[in-house]
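S.K.: Take a look at the following structure, please.
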Amino acid sequence: MRRQSASKVGVAEPAMISARALTKRFGQFTAVDGVDFEVRSGEAFGFLGPNGAGKSSTMRMIACVSPPSGGALRILGLDPTIDGAAIRARLGVVPQDDTLDLELPVWENLYVYGRYFGLSKRQLLPRIERLLDFAQLTERAGDRVEPLSGGMKRRLTIARALINEPSILLLDEPTTGLDPQARHVLWDRLYRLKAEGVTLVLTTHYMDEAEQLCDRLVVMDGGRIAAEGSPRELIARHASRDVVELRFGPGESAAMADKVADLADRIEVLPDRLLLSSGDGDAVAEEVHARHLEPAAVLVRRSSLEDVFLRLTGRRLLD
Amino acid sequence: MLPALRTTEHLWRAYRRTWRGTVMTTFLNPVLYLAALGVGLGRFVDRGHHAAVALGGASYLDFVGPGLLAVTAMQVAVGESTFPVMGAVKWQKTYAAMLATPQRVGDVLAGHVTWIAARVATAVAAYLAVVAAFGALHSPLAVLALPAGVLTGMAFSLPLVGYSVRLDTEQSFNVVYRLGMIPLFLFSATFFPLSSLPVGLRVVAYATPLWHGVDLCRTLADGTATWGRSLLHVAYLAGLAALGALSAARAYTGRLRT
């Protein structure tokens with residue numbers, strides 16, 4: 001960590017989380033293969049990657065429930081293998097699957113959980129009231145959890161993770177399986193937490209989520225870190241400014257690729273489309289028309305994190 | 001407060017919302033057994049000359065009542081140490097929620113087992129009151145059948161929670177119930193003295209934990225308990241519980257800290 005802090009002169013704040021050559025093996029299988037990263041105070045840090053990239057294994061090590069197989073990990077300056085309980089006292093964990101007590105009412109889920117942090121009833125009652133308001137669940141306080149919608153359960157899980165007023169909030173795929181409205185409500189809540197100075201660490205395979213929420217992120221693939229930076233930096237580094245999508249009839253796109261290859265920095269041939277990366281998408285589109293290639297549809301758009309992601313992790317299907 | 005007791009409090013709060021579903025198995029079934037076997041079958045048995053000799057002059061109700069107390073302890077302990085443990089790992093993932101707090105794996109295990117002991121204790125206490133009301137207790141030592149019942153329950157619970165926490169499907173519980181609990185229930189001197197069994201089977205029965213629990217509770221209830229015999233039973237049951245605790249600690253760590 002000395003090496004890295006030397007390169008960040010003026011940043012006095014110690015890292016909230018720092019990992020060096022962090023490794024996790026399950027028998028012969030290496031889930032996390034020597035990753036280095038550092039999470040600073042108050043930032044929203046993301047782990048992006050396809051399924052099986054090692055995101056959740058990394059999160060479980062940070063949550064101090066999975067001992068690292070190798071490398072160094074420090075959380076809040078402490079070693080998770082020695083001070084796991086002390087670290088967990090200052091973490092909030094939103095797991096991939098909700099782990100709520102379905103038979104208990106909403107408020108009692110928060111109460112029971114707060115007791116684990118040694119909080120008394122007197123301390124808990126005002127906190128629960130605040131958190132129910134934050135999670136927009138005040139009206140459902142007395143209802144059993146089981147019949148609540150997915151979005152409500154997710155908000156309750158986040159509220160529960162905040163009961164100890166954590167320094168770091170870990171969110172493992174916080175919006176997977178939610179409808180667009182529920183996702184936006186959740187993002188809004190996460191912005192508010194960020195504004196209050198809570199350090200957020202999240203995994204996601206939604207690019208829009210990463211672009212919206214993360215100050216900095218790493219793209220993981222096959223247990224390693226493929227790229228690191230802010231969403232904007234990653235796009236600048238790994239993609240051209242624009243992407244021109246040309247849609248042709250079935251089977252035509254491969255033949256058309258040769259005719260436009262010289263126009264793009266990089267061309268990708270999909271069964272139904274050509275993706276042309278370029279610094280000036282409009283100029284490319286004009287030239288395509290000038291050559292009378294007549295694609296069925298032309299779309300000029302800015303490169304997104306998704307382009308970076310697919311470029312770095314490939315288009316193979318990972319299940 | 002000990003960290004483990006936070007888990008116990010959590011499980012108690014959850015139980016307060018679901019206790020109705022457990023009334024039948026925990027409190028009503030033993031009473032039905034007692035009424036049908038102790039009173040109903042008992043009248044019939046007590047008329048026979050051989051029975052009076054084999055039971056040493058006691059009524060069948062006196063015989064079967066304390067035996068069923070140990071059975072109740074076993075049933076509640078097995079019930080609480082199988083499906084709820086798998087649920088906490090797999091279905092509701094309550095253990096994962098607990099381990100996202102300062103709780104350690106050992107706290108979770110100790111807290112859950114403490115809760116199971118409390119469930120066994122309340123079931124045994126309720127049952128003991130019923131047996132007393134039926135007039136089947138004949139010694140002040142019968143009060144000690146409560147801790148004896150809890151010890152019997154723990155001798156089943158501790159090895160079982162360690163078994164359950166490792167499982168991936170609930171199918172294996174059928175084996176526990178059909179090949180474990182039911183034969184023990186039938187052949188551990190609950191319903192007839194072991195002298196009725198052929199010698200070979202008798203030796204097997206002596207080796208099973210339920211027989212030790214049944215005999216311990218029965219001798220306390222009718223006042224025939226001796227120090228030597230009772231300590232042997234306690235040592236056997238406590239030994240089994242201790243071995244169970246060691247294996248459970250390993251199993252919990254293996255499953256929950258991966």
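Following the order of the structure tokens, first chain is A, next is B, and so on, with residues numbered from 1 inside each chain and ligands from 1 in the order they appear.
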Which residues are close to A:Asn109, i.e. within 12 Å by only C-alpha atoms, leaving aside same-chain residues fewer than 2 positions away? Reply as a ChimeraX atom specification.
M.R.: /A:98-107,111-116,124,128,131-132,141-146,153,156-161,163 /B:10-11,13-14,94,97-98
S.K.: Restricting it to N, CA and C atoms, dump the selection as a compact mmCIF listing (two decimals), in the first residue's frame.
M.R.:
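Generated file (result-v9.txt):
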# COMPACT_ATOMS: atom_id res chain seq x y z
N ASP A 98 -32.11 -11.58 -0.40
CA ASP A 98 -32.60 -11.04 0.87
C ASP A 98 -32.54 -12.11 1.95
N THR A 99 -32.14 -11.73 3.15
CA THR A 99 -32.08 -12.67 4.26
C THR A 99 -32.96 -12.17 5.40
N LEU A 100 -34.14 -11.67 5.03
CA LEU A 100 -35.04 -11.10 6.03
C LEU A 100 -35.77 -12.21 6.79
N ASP A 101 -36.28 -11.85 7.96
CA ASP A 101 -37.15 -12.77 8.71
C ASP A 101 -38.56 -12.58 8.18
N LEU A 102 -38.98 -13.50 7.33
CA LEU A 102 -40.24 -13.30 6.60
C LEU A 102 -41.45 -13.29 7.52
N GLU A 103 -41.37 -14.02 8.63
CA GLU A 103 -42.54 -14.12 9.50
C GLU A 103 -42.65 -12.93 10.46
N LEU A 104 -41.57 -12.16 10.57
CA LEU A 104 -41.60 -11.00 11.48
C LEU A 104 -42.13 -9.78 10.75
N PRO A 105 -42.75 -8.85 11.51
CA PRO A 105 -43.15 -7.59 10.90
C PRO A 105 -41.92 -6.78 10.48
N VAL A 106 -42.19 -5.81 9.59
CA VAL A 106 -41.12 -4.98 9.06
C VAL A 106 -40.26 -4.36 10.17
N TRP A 107 -40.91 -3.71 11.15
CA TRP A 107 -40.13 -3.00 12.17
C TRP A 107 -39.29 -3.96 13.00
N TYR A 111 -35.42 -4.27 14.40
CA TYR A 111 -35.17 -4.35 15.84
C TYR A 111 -34.25 -5.53 16.17
N VAL A 112 -34.64 -6.71 15.66
CA VAL A 112 -33.87 -7.93 15.93
C VAL A 112 -32.42 -7.74 15.47
N TYR A 113 -32.28 -7.13 14.31
CA TYR A 113 -30.95 -6.94 13.74
C TYR A 113 -30.12 -5.96 14.55
N GLY A 114 -30.78 -4.91 14.98
CA GLY A 114 -30.08 -3.91 15.79
C GLY A 114 -29.54 -4.48 17.09
N ARG A 115 -30.25 -5.45 17.63
CA ARG A 115 -29.81 -6.07 18.88
C ARG A 115 -28.45 -6.75 18.72
N TYR A 116 -28.18 -7.24 17.51
CA TYR A 116 -26.88 -7.90 17.26
C TYR A 116 -25.72 -6.90 17.39
N LEU A 124 -32.68 2.00 19.72
CA LEU A 124 -33.18 1.46 18.46
C LEU A 124 -34.46 2.13 17.96
N ILE A 128 -35.11 3.14 14.16
CA ILE A 128 -36.03 2.38 13.32
C ILE A 128 -37.02 3.32 12.63
N LEU A 131 -35.21 5.03 9.81
CA LEU A 131 -34.89 4.13 8.69
C LEU A 131 -36.15 3.71 7.93
N LEU A 132 -37.25 3.54 8.64
CA LEU A 132 -38.50 3.21 7.95
C LEU A 132 -38.89 4.35 7.03
N ALA A 141 -44.91 -0.63 8.52
CA ALA A 141 -44.09 -1.01 9.69
C ALA A 141 -44.59 -2.26 10.40
N GLY A 142 -45.93 -2.38 10.54
CA GLY A 142 -46.47 -3.48 11.32
C GLY A 142 -46.80 -4.71 10.50
N ASP A 143 -46.57 -4.65 9.17
CA ASP A 143 -46.95 -5.78 8.31
C ASP A 143 -45.86 -6.83 8.27
N ARG A 144 -46.29 -8.06 8.10
CA ARG A 144 -45.32 -9.13 7.89
C ARG A 144 -44.55 -8.89 6.59
N VAL A 145 -43.31 -9.39 6.55
CA VAL A 145 -42.44 -9.14 5.41
C VAL A 145 -42.82 -9.97 4.19
N GLU A 146 -43.27 -11.19 4.43
CA GLU A 146 -43.46 -12.14 3.34
C GLU A 146 -44.23 -11.58 2.14
N LYS A 153 -38.89 -5.28 -0.14
CA LYS A 153 -37.98 -6.15 0.62
C LYS A 153 -36.55 -5.68 0.48
N LEU A 156 -36.04 -2.69 2.59
CA LEU A 156 -35.96 -3.09 3.99
C LEU A 156 -34.59 -3.70 4.30
N THR A 157 -34.08 -4.49 3.36
CA THR A 157 -32.75 -5.07 3.56
C THR A 157 -31.71 -3.96 3.69
N ILE A 158 -31.83 -2.92 2.87
CA ILE A 158 -30.88 -1.80 2.94
C ILE A 158 -31.05 -1.06 4.27
N ALA A 159 -32.31 -0.81 4.65
CA ALA A 159 -32.55 -0.14 5.94
C ALA A 159 -31.95 -0.95 7.08
N ARG A 160 -32.10 -2.27 7.01
CA ARG A 160 -31.57 -3.12 8.06
C ARG A 160 -30.05 -3.02 8.12
N ALA A 161 -29.43 -2.96 6.93
CA ALA A 161 -27.97 -2.87 6.88
C ALA A 161 -27.46 -1.55 7.45
N ILE A 163 -28.73 -0.10 10.23
CA ILE A 163 -29.16 0.03 11.62
C ILE A 163 -28.00 0.37 12.54
N HIS B 10 -33.15 -13.50 18.99
CA HIS B 10 -33.67 -13.43 17.62
C HIS B 10 -34.63 -14.60 17.36
N LEU B 11 -34.19 -15.82 17.70
CA LEU B 11 -35.01 -17.00 17.43
C LEU B 11 -36.27 -17.01 18.29
N ARG B 13 -37.85 -14.29 19.27
CA ARG B 13 -38.78 -13.32 18.68
C ARG B 13 -39.46 -13.89 17.45
N ALA B 14 -38.73 -14.67 16.66
CA ALA B 14 -39.34 -15.30 15.49
C ALA B 14 -40.37 -16.35 15.93
N THR B 94 -31.07 -17.19 7.49
CA THR B 94 -30.96 -16.42 8.73
C THR B 94 -29.52 -16.41 9.25
N ALA B 97 -27.57 -13.73 7.64
CA ALA B 97 -27.92 -12.42 8.20
C ALA B 97 -27.20 -12.21 9.54
N MET B 98 -27.20 -13.25 10.37
CA MET B 98 -26.55 -13.12 11.68
C MET B 98 -25.05 -12.87 11.51
S.K.: Give me, as a PyMOL selection string, the contact residues of chain B against chain A at a cut-off of 8 Å, counting only C-alpha atoms.
M.R.: chain B and resi 3+6-7+9-10+13-14+17-18+92-94+96-104+256-258
S.K.: Between B:Leu220, B:Val71, B:Asn29, B:Asp107, which residue has the minimum interatomic distance to B:Ala189, considering only C-alpha atoms?
M.R.: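 Among the listed residues, the smallest separation from B:Ala189 belongs to B:Val71.
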S.K.: Tell me, as a VMD selection string, which residues lie within 7 Å of stretch 199-208 of chain A, counting only C-alpha atoms; anything in the same chain fewer than 2 positions away does not count.
M.R.: chain A and resid 41 to 50 55 167 to 173 194 197 210 to 212 305 to 306
S.K.: Any idea what the distance is between atom CA of B:Ala242 and atom CA of B:Leu179?
M.R.: 23.2 Å
S.K.: List as a list in words the protein and nucleic acid residues near B:Val214, meaning an atom at most 9 Å away when only C-alpha atoms are counted, but skip any in the same chain fewer than 3 places from it.
M.R.: Pro66, Gly67, Leu68, Leu69, Ala70, Val71, Gly149, Thr152, Ser188, Ala189, Thr190, Pro209, Leu210, Trp211, Cys217, Arg218 and Thr219 of chain B
S.K.: From stretch 3-202 of chain B, collect each residue whose DSSP state is helix (DSSP H, G or I) and return the set as JSON, numbers by chain.
M.R.: {"B": [3, 4, 5, 6, 7, 8, 9, 10, 11, 12, 13, 14, 15, 16, 17, 18, 20, 21, 22, 23, 24, 25, 26, 27, 28, 29, 30, 31, 32, 33, 34, 35, 36, 37, 38, 39, 40, 41, 42, 43, 44, 45, 46, 47, 49, 50, 51, 52, 53, 54, 60, 61, 62, 63, 64, 65, 66, 67, 68, 69, 70, 71, 72, 73, 74, 75, 76, 77, 78, 79, 80, 81, 83, 84, 85, 86, 87, 88, 89, 90, 91, 94, 95, 96, 97, 98, 99, 105, 106, 107, 108, 109, 110, 111, 112, 113, 114, 115, 116, 117, 118, 119, 120, 121, 122, 123, 124, 125, 126, 127, 128, 129, 130, 131, 132, 133, 140, 141, 142, 143, 144, 145, 146, 147, 148, 149, 150, 151, 152, 153, 154, 155, 156, 157, 158, 159, 160, 161, 162, 163, 164, 165, 166, 172, 173, 174, 175, 176, 177, 178, 179, 180, 181, 182, 183, 184, 185, 186, 187, 194, 195, 196, 199, 200, 201, 202]}
S.K.: Write out as a PyMOL selection string each polymer residue whose atoms come within 12 Å of B:Leu231, counting only C-alpha atoms; drop sequence neighbours fewer than 3 positions from it.
M.R.: chain B and resi 148+212-213+215-216+220+225-228+234-239
S.K.: What's the separation between atom CA of A:Leu22 and atom CA of A:Glu228, in Å to one decimal place?
M.R.: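 Separation of atom CA of A:Leu22 and atom CA of A:Glu228: 15.7 Å.
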S.K.: For B:Thr208, which residue out of B:Phe156, B:Phe27, B:Trp115, B:Tyr163 is the nearest one, using only C-alpha atoms?
M.R.: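 Nearest candidate to B:Thr208 out of B:Phe156, B:Phe27, B:Trp115, B:Tyr163: B:Phe156.
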S.K.: For each of B:Val124, B:Leu55, B:Val203, B:Val89, take the minimum atom-to-atom distance to B:Ala145, counting only C-alpha atoms, then give the residue where this is smallest.
M.R.: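 For B:Ala145, the nearest of the candidates is B:Val124.
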S.K.: Give me, as a list in words, all polymer residues having an atom no more than 12 Å from B:Leu246, counting only C-alpha atoms and skipping those fewer than 3 positions away in the same chain.
M.R.: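 My list of contacting residues is Gly106, Leu109, Ala110, Leu158, Pro159, Leu160, Val161, Gly162, Tyr163, Gly239, Leu240, Ala241, Ala242, Leu243, Ala249, Arg250, Ala251, Tyr252 and Thr253 of chain B.
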S.K.: Could you save the residues just selected, with N, CA and C atoms, as a compact mmCIF listing (two decimals), in the first residue's frame?
M.R.:
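Ended up saving to selection39.txt:
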# COMPACT_ATOMS: atom_id res chain seq x y z
N GLY B 106 -19.29 -19.41 16.14
CA GLY B 106 -19.51 -20.08 17.41
C GLY B 106 -20.67 -19.48 18.19
N LEU B 109 -23.91 -20.78 16.59
CA LEU B 109 -24.16 -22.17 17.00
C LEU B 109 -24.63 -22.23 18.46
N ALA B 110 -23.89 -21.58 19.34
CA ALA B 110 -24.23 -21.64 20.77
C ALA B 110 -25.61 -21.02 21.01
N LEU B 158 -27.26 -31.76 19.58
CA LEU B 158 -25.92 -31.31 19.21
C LEU B 158 -25.31 -32.10 18.04
N PRO B 159 -25.39 -33.45 18.07
CA PRO B 159 -24.88 -34.14 16.88
C PRO B 159 -25.69 -33.80 15.62
N LEU B 160 -27.00 -33.59 15.81
CA LEU B 160 -27.87 -33.38 14.64
C LEU B 160 -27.69 -32.01 13.99
N VAL B 161 -27.52 -30.96 14.78
CA VAL B 161 -27.36 -29.63 14.14
C VAL B 161 -26.12 -29.64 13.24
N GLY B 162 -25.07 -30.32 13.70
CA GLY B 162 -23.86 -30.42 12.89
C GLY B 162 -24.09 -31.21 11.60
N TYR B 163 -24.95 -32.21 11.70
CA TYR B 163 -25.31 -32.99 10.52
C TYR B 163 -26.15 -32.14 9.57
N GLY B 239 -21.71 -37.13 27.37
CA GLY B 239 -20.60 -37.44 26.46
C GLY B 239 -21.04 -37.31 25.01
N LEU B 240 -22.22 -37.84 24.73
CA LEU B 240 -22.74 -37.73 23.36
C LEU B 240 -22.95 -36.27 22.98
N ALA B 241 -23.50 -35.50 23.91
CA ALA B 241 -23.72 -34.07 23.64
C ALA B 241 -22.38 -33.36 23.40
N ALA B 242 -21.36 -33.71 24.19
CA ALA B 242 -20.06 -33.04 24.05
C ALA B 242 -19.42 -33.38 22.70
N LEU B 243 -19.46 -34.67 22.33
CA LEU B 243 -18.93 -35.05 21.02
C LEU B 243 -19.70 -34.34 19.91
N ALA B 249 -19.36 -27.73 15.89
CA ALA B 249 -18.52 -26.54 15.75
C ALA B 249 -17.72 -26.62 14.45
N ARG B 250 -17.19 -27.80 14.16
CA ARG B 250 -16.44 -27.97 12.91
C ARG B 250 -17.36 -27.82 11.70
N ALA B 251 -18.53 -28.44 11.80
CA ALA B 251 -19.46 -28.42 10.66
C ALA B 251 -19.95 -27.00 10.37
N TYR B 252 -20.25 -26.26 11.43
CA TYR B 252 -20.73 -24.89 11.23
C TYR B 252 -19.66 -24.02 10.58
N THR B 253 -18.43 -24.15 11.08
CA THR B 253 -17.34 -23.37 10.49
C THR B 253 -17.14 -23.76 9.03
S.K.: Show which residues sit within 8 Å of A:Thr23, as a PDB file with N, CA and C atoms, in the first residue's frame. Count only C-alpha atoms, and ignore same-chain residues fewer than 5 positions away.
M.R.:
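For reference, part_12.pdb as written:
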ATOM      1  N   THR A  30      -9.905 -21.325  -8.616  1.00  0.00           N
ATOM      2  CA  THR A  30      -9.512 -20.016  -8.114  1.00  0.00           C
ATOM      3  C   THR A  30     -10.578 -19.002  -8.503  1.00  0.00           C
ATOM      4  N   ALA A  31     -11.327 -18.544  -7.512  1.00  0.00           N
ATOM      5  CA  ALA A  31     -12.436 -17.627  -7.780  1.00  0.00           C
ATOM      6  C   ALA A  31     -11.929 -16.191  -7.903  1.00  0.00           C
ATOM      7  N   VAL A  32     -10.965 -15.836  -7.066  1.00  0.00           N
ATOM      8  CA  VAL A  32     -10.374 -14.496  -7.096  1.00  0.00           C
ATOM      9  C   VAL A  32      -8.869 -14.693  -7.185  1.00  0.00           C
ATOM     10  N   ASP A  33      -8.269 -14.111  -8.238  1.00  0.00           N
ATOM     11  CA  ASP A  33      -6.916 -14.502  -8.610  1.00  0.00           C
ATOM     12  C   ASP A  33      -5.935 -13.332  -8.460  1.00  0.00           C
ATOM     13  N   GLY A  34      -5.681 -12.952  -7.225  1.00  0.00           N
ATOM     14  CA  GLY A  34      -4.655 -11.939  -6.973  1.00  0.00           C
ATOM     15  C   GLY A  34      -5.056 -10.540  -7.408  1.00  0.00           C
ATOM     16  N   VAL A  35      -6.094  -9.991  -6.800  1.00  0.00           N
ATOM     17  CA  VAL A  35      -6.551  -8.656  -7.202  1.00  0.00           C
ATOM     18  C   VAL A  35      -6.025  -7.581  -6.238  1.00  0.00           C
ATOM     19  N   PRO A  68      -9.681 -14.996   3.305  1.00  0.00           N
ATOM     20  CA  PRO A  68      -8.894 -15.013   2.069  1.00  0.00           C
ATOM     21  C   PRO A  68      -7.959 -16.229   2.030  1.00  0.00           C
ATOM     22  N   SER A  69      -7.703 -16.743   0.823  1.00  0.00           N
ATOM     23  CA  SER A  69      -6.752 -17.846   0.680  1.00  0.00           C
ATOM     24  C   SER A  69      -5.329 -17.323   0.520  1.00  0.00           C
ATOM     25  N   GLY A  70      -5.205 -16.041   0.151  1.00  0.00           N
ATOM     26  CA  GLY A  70      -3.867 -15.484  -0.019  1.00  0.00           C
ATOM     27  C   GLY A  70      -3.943 -13.986  -0.213  1.00  0.00           C
ATOM     28  N   GLY A  71      -2.788 -13.324  -0.091  1.00  0.00           N
ATOM     29  CA  GLY A  71      -2.739 -11.883  -0.270  1.00  0.00           C
ATOM     30  C   GLY A  71      -3.095 -11.154   1.009  1.00  0.00           C
TER      31      GLY A  71
END
S.K.: One decimal, in Å: what's the spacing between atom CA of B:Gln75 and atom CA of B:Leu141?
M.R.: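 So the two atoms, atom CA of B:Gln75 and atom CA of B:Leu141, lie 23.3 Å apart.
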S.K.: Smallest atom-to-atom distance to A:His292: which of A:Ala254, A:Leu110, A:Val260, A:Leu78, using only C-alpha atoms?
M.R.: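 For A:His292, the nearest of the candidates is A:Val260.
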S.K.: Taking only C-alpha atoms into account, name the residue in B:Phe192, B:Tyr127, B:Tyr15, B:Tyr177 that is nearest to B:Gly79.
M.R.: B:Tyr177
